[in-house]
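Asks: Below is target-v5.txt; it holds compact mmCIF, C-alpha atoms.
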```txt
# COMPACT_ATOMS: atom_id res chain seq x y z
CA GLN A 145 19.62 12.41 5.62
CA LEU A 146 22.91 14.27 5.26
CA ARG A 147 25.02 13.47 8.30
CA VAL A 148 28.16 11.90 9.70
CA VAL A 149 27.94 8.98 12.09
CA GLU A 150 30.63 7.87 14.52
CA SER A 151 31.11 4.32 15.70
CA GLY A 152 33.74 2.19 17.42
CA GLY A 153 33.72 3.59 20.94
CA GLY A 154 33.62 1.43 24.01
CA LEU A 155 35.28 0.43 27.25
CA VAL A 156 38.95 -0.48 27.13
CA HIS A 157 41.71 -1.07 29.68
CA PRO A 158 44.66 1.32 29.92
CA GLY A 159 47.15 0.48 27.22
CA GLY A 160 44.44 -0.86 24.94
CA SER A 161 43.36 0.25 21.50
CA LEU A 162 40.21 1.31 19.70
CA ARG A 163 39.46 2.41 16.16
CA LEU A 164 36.79 5.00 15.66
CA SER A 165 34.99 5.42 12.36
CA CYS A 166 33.26 8.47 10.94
CA ALA A 167 31.01 7.59 8.03
CA ALA A 168 29.24 10.13 5.85
CA SER A 169 25.64 9.51 4.84
CA GLU A 170 24.16 10.81 1.59
CA PHE A 171 27.05 13.11 0.76
CA SER A 172 30.68 12.67 -0.19
CA LEU A 173 33.39 13.29 2.40
CA VAL A 174 35.90 13.61 -0.43
CA PHE A 175 35.46 17.39 -0.49
CA TYR A 176 35.69 17.92 3.27
CA ARG A 177 38.39 18.13 5.85
CA VAL A 178 37.47 16.13 8.93
CA THR A 179 38.36 16.74 12.55
CA TRP A 180 37.95 14.47 15.52
CA PHE A 181 37.00 16.33 18.69
CA ARG A 182 36.46 15.03 22.19
CA GLN A 183 34.79 16.29 25.30
CA ALA A 184 35.43 14.88 28.73
CA PRO A 185 32.99 15.50 31.60
CA GLY A 186 33.36 19.03 32.90
CA LYS A 187 35.89 19.98 30.24
CA ASP A 188 35.81 22.02 27.07
CA LEU A 189 35.59 20.56 23.61
CA GLU A 190 39.08 19.67 22.39
CA GLY A 191 40.31 19.16 18.86
CA VAL A 192 42.17 15.86 18.73
CA SER A 193 43.17 15.33 15.12
CA CYS A 194 42.41 16.67 11.68
CA ILE A 195 42.89 15.28 8.17
CA GLY A 196 42.91 17.09 4.86
CA LEU A 197 41.42 15.92 1.61
CA SER A 198 44.08 13.22 1.50
CA ASP A 199 46.30 11.47 4.02
CA THR A 200 49.16 13.84 3.23
CA MET A 201 47.83 16.49 5.62
CA THR A 202 47.23 15.41 9.17
CA ASN A 203 47.76 17.02 12.53
CA TYR A 204 47.34 16.04 16.15
CA THR A 205 47.09 17.65 19.52
CA ASP A 206 50.24 17.07 21.53
CA SER A 207 48.67 14.70 24.04
CA VAL A 208 47.79 12.12 21.38
CA ARG A 209 50.66 12.52 18.94
CA ASP A 210 52.49 9.21 18.39
CA ARG A 211 49.53 7.28 19.87
CA PHE A 212 46.65 8.19 17.56
CA THR A 213 46.53 7.96 13.77
CA ILE A 214 43.91 9.59 11.58
CA SER A 215 43.26 8.27 8.10
CA ARG A 216 40.60 8.31 5.44
CA ASP A 217 39.24 5.88 2.89
CA ASN A 218 37.46 7.96 0.29
CA ALA A 219 36.14 4.86 -1.45
CA LYS A 220 34.31 3.98 1.77
CA ASN A 221 33.42 7.60 2.49
CA THR A 222 34.88 7.15 5.97
CA VAL A 223 37.51 8.71 8.22
CA TYR A 224 39.16 6.67 10.95
CA LEU A 225 40.91 7.41 14.22
CA GLN A 226 43.16 4.60 15.39
CA MET A 227 43.84 5.07 19.08
CA ASN A 228 46.64 3.08 20.72
CA ASN A 229 48.10 3.01 24.21
CA LEU A 230 44.97 4.59 25.63
CA THR A 231 45.03 6.18 29.07
CA PRO A 232 42.22 7.21 31.45
CA GLU A 233 42.83 10.79 30.32
CA ASP A 234 41.52 9.80 26.88
CA THR A 235 38.09 9.07 28.34
CA ALA A 236 35.58 11.33 26.58
CA VAL A 237 32.81 11.50 24.04
CA TYR A 238 34.46 11.63 20.62
CA TYR A 239 32.86 13.54 17.77
CA CYS A 240 33.74 13.83 14.14
CA ALA A 241 33.00 16.97 12.17
CA ALA A 242 33.34 17.85 8.50
CA THR A 243 34.26 21.26 7.12
CA ARG A 244 34.58 22.85 3.68
CA SER A 245 37.19 25.20 5.13
CA LEU A 246 40.15 23.86 3.17
CA THR A 247 42.90 26.38 3.83
CA GLY A 248 44.96 27.16 6.88
CA THR A 249 44.76 25.23 10.10
CA CYS A 250 41.75 23.06 10.80
CA PRO A 251 39.01 25.11 12.45
CA SER A 252 38.62 24.78 16.19
CA THR A 253 35.07 26.07 16.62
CA ARG A 254 31.73 24.36 15.99
CA ASP A 255 30.39 27.02 13.65
CA ARG A 256 33.09 26.31 11.06
CA TYR A 257 31.84 22.76 10.52
CA LYS A 258 28.92 21.85 8.34
CA PHE A 259 28.34 18.38 9.75
CA TRP A 260 28.69 17.04 13.31
CA GLY A 261 28.12 13.52 14.49
CA GLN A 262 26.23 12.45 17.57
CA GLY A 263 29.38 11.25 19.33
CA THR A 264 30.70 7.94 20.55
CA GLN A 265 31.77 7.26 24.12
CA VAL A 266 35.32 6.11 24.83
CA THR A 267 36.02 4.97 28.37
CA VAL A 268 39.48 3.90 29.48
CA SER A 269 39.43 2.24 32.85
CA SER A 270 40.89 -0.72 34.68
```
Would you write the structure of this file as structure tokens?

Replies:
Amino acid sequence: QLRVVESGGGLVHPGGSLRLSCAASEFSLVFYRVTWFRQAPGKDLEGVSCIGLSDTMTNYTDSVRDRFTISRDNAKNTVYLQMNNLTPEDTAVYYCAATRSLTGTCPSTRDRYKFWGQGTQVTVSS
């Protein structure tokens, strides 16, 4: 089945770290830009970070810049989100999404993405 699958979420104390993975199944992520989104309870979906076809193009929302790092390993068909110095405000369900829209800024709406994962819960709490 063609899909992306997230993993790596969990419960962590403030200041802790997690690494999320987004693995593609039965297709190659090499030809897709990938965005990590998150949605906290009662809030809108938020784009967190996006990576181009290589690590040379990345961007981040202001609230995670300098704490989160997105990367990709095309040999493993996987995109990662390393999250450091987590705060309770980072608590959300995190989704990865893959798009063939390769020009301009990374899309911010669901309909521009061909593949969406089922999400992984990240909870930051003491």

Asks: Figure out the distance between atom CA of A:Leu164 and atom CA of A:Phe181, please, to one decimal in Å.

Replies: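 Rounded to one decimal, the two atoms are 11.7 Å apart.
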
Asks: Taking (31.5, 10.6, -4.2) in the file's coordinates, which residues come within 9 Å, counting all atoms listed in the file, written as a list in words?

Replies: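 All residues meeting the 9 Å criterion around (31.5, 10.6, -4.2) are Phe171, Ser172, Leu173, Val174, Phe175, Asn218, Ala219 and Asn221 of chain A.
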
Asks: Enumerate, as JSON, numbers by chain, the protein, DNA and RNA residues whose atoms approach (35.8, 12.5, 26.3) to within 8 Å, taking into account all atoms listed in the file and the coordinate frame of the file.

Replies: {"A": [182, 183, 184, 185, 234, 235, 236, 237, 238, 265, 266, 267]}

Asks: With all atoms listed in the file as the atoms that count, which of A:Asn203, A:Thr179, A:Asn229, A:Thr264 lies nearest to A:Ser245?

Replies: A:Thr179

Asks: For the atom pair atom CA of A:Thr200 and atom CA of A:Leu146, what is the interatomic distance in Å to one decimal place?

Replies: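 Computing the Euclidean distance for atom CA of A:Thr200 and atom CA of A:Leu146 yields 26.3 Å.
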
Asks: My list of candidates is A:Met227, A:Arg177, A:Arg147, A:Ser269. Which is closest to A:Ser161 when distances are computed with only C-alpha atoms?

Replies: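 That would be A:Met227, the residue with the smallest distance to A:Ser161.
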
Asks: So the first atom is atom CA of A:Asn228 and the second is atom CA of A:Val178; what is the distance between them in Å, to one decimal place?

Replies: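 Interatomic distance, atom CA of A:Asn228 to atom CA of A:Val178: 19.8 Å.
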
Asks: Is it possible to add all heavy atoms to stretch 238-249 of chain A and hand it back as a CSV table (one decimal), in the frame of the given file?

Replies:
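What ended up in result04.csv:
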```
chain,number,residue,atom,x,y,z
A,238,TYR,N,33.7,11.2,21.8
A,238,TYR,CA,34.5,11.6,20.6
A,238,TYR,C,33.5,11.9,19.5
A,238,TYR,O,32.5,11.2,19.2
A,238,TYR,CB,35.4,10.5,20.2
A,238,TYR,CG,36.6,10.4,21.1
A,238,TYR,CD1,36.5,10.0,22.4
A,238,TYR,CD2,37.9,10.8,20.6
A,238,TYR,CE1,37.7,9.9,23.2
A,238,TYR,CE2,39.0,10.7,21.4
A,238,TYR,CZ,38.9,10.3,22.7
A,238,TYR,OH,40.0,10.2,23.5
A,239,TYR,N,33.7,13.1,18.9
A,239,TYR,CA,32.9,13.5,17.8
A,239,TYR,C,33.7,13.7,16.5
A,239,TYR,O,34.8,14.2,16.6
A,239,TYR,CB,32.2,14.9,18.1
A,239,TYR,CG,31.4,15.0,19.3
A,239,TYR,CD1,32.0,15.3,20.6
A,239,TYR,CD2,30.0,14.7,19.3
A,239,TYR,CE1,31.2,15.3,21.7
A,239,TYR,CE2,29.3,14.8,20.4
A,239,TYR,CZ,29.8,15.1,21.6
A,239,TYR,OH,29.1,15.1,22.8
A,240,CYS,N,33.1,13.4,15.4
A,240,CYS,CA,33.7,13.8,14.1
A,240,CYS,C,32.9,15.0,13.5
A,240,CYS,O,31.7,15.1,13.7
A,240,CYS,CB,33.9,12.7,13.2
A,240,CYS,SG,32.4,12.1,12.4
A,241,ALA,N,33.6,15.8,12.8
A,241,ALA,CA,33.0,17.0,12.2
A,241,ALA,C,33.7,17.2,10.8
A,241,ALA,O,34.9,17.0,10.7
A,241,ALA,CB,33.1,18.2,13.1
A,242,ALA,N,32.9,17.6,9.9
A,242,ALA,CA,33.3,17.8,8.5
A,242,ALA,C,33.2,19.3,8.1
A,242,ALA,O,32.1,19.9,8.4
A,242,ALA,CB,32.6,17.0,7.5
A,243,THR,N,34.3,19.9,7.5
A,243,THR,CA,34.3,21.3,7.1
A,243,THR,C,34.7,21.5,5.7
A,243,THR,O,35.5,20.7,5.2
A,243,THR,CB,35.2,22.1,8.0
A,243,THR,OG1,35.2,23.4,7.7
A,243,THR,CG2,36.6,21.5,8.0
A,244,ARG,N,34.1,22.5,5.0
A,244,ARG,CA,34.6,22.8,3.7
A,244,ARG,C,35.7,23.9,3.8
A,244,ARG,O,36.1,24.4,2.7
A,244,ARG,CB,33.4,23.4,2.8
A,244,ARG,CG,32.5,22.3,2.4
A,244,ARG,CD,33.2,21.2,1.5
A,244,ARG,NE,33.9,21.8,0.4
A,244,ARG,CZ,33.4,22.0,-0.8
A,244,ARG,NH1,32.1,21.8,-1.0
A,244,ARG,NH2,34.1,22.5,-1.7
A,245,SER,N,36.1,24.3,5.0
A,245,SER,CA,37.2,25.2,5.1
A,245,SER,C,38.5,24.4,4.8
A,245,SER,O,38.9,23.6,5.6
A,245,SER,CB,37.2,25.8,6.6
A,245,SER,OG,38.4,26.5,6.8
A,246,LEU,N,39.1,24.7,3.7
A,246,LEU,CA,40.2,23.9,3.2
A,246,LEU,C,41.5,24.5,3.2
A,246,LEU,O,42.5,23.9,2.8
A,246,LEU,CB,39.9,23.5,1.7
A,246,LEU,CG,38.5,22.7,1.5
A,246,LEU,CD1,38.4,22.4,0.0
A,246,LEU,CD2,38.4,21.5,2.4
A,247,THR,N,41.6,25.7,3.8
A,247,THR,CA,42.9,26.4,3.8
A,247,THR,C,43.2,26.7,5.3
A,247,THR,O,42.4,26.8,6.1
A,247,THR,CB,42.9,27.7,3.0
A,247,THR,OG1,41.9,28.5,3.5
A,247,THR,CG2,42.6,27.4,1.5
A,248,GLY,N,44.5,26.8,5.5
A,248,GLY,CA,45.0,27.2,6.9
A,248,GLY,C,44.8,26.0,7.8
A,248,GLY,O,44.6,24.8,7.4
A,249,THR,N,44.9,26.3,9.1
A,249,THR,CA,44.8,25.2,10.1
A,249,THR,C,43.3,24.8,10.2
A,249,THR,O,42.4,25.5,9.8
A,249,THR,CB,45.2,25.7,11.5
A,249,THR,OG1,44.5,26.9,11.8
A,249,THR,CG2,46.7,26.1,11.5
```
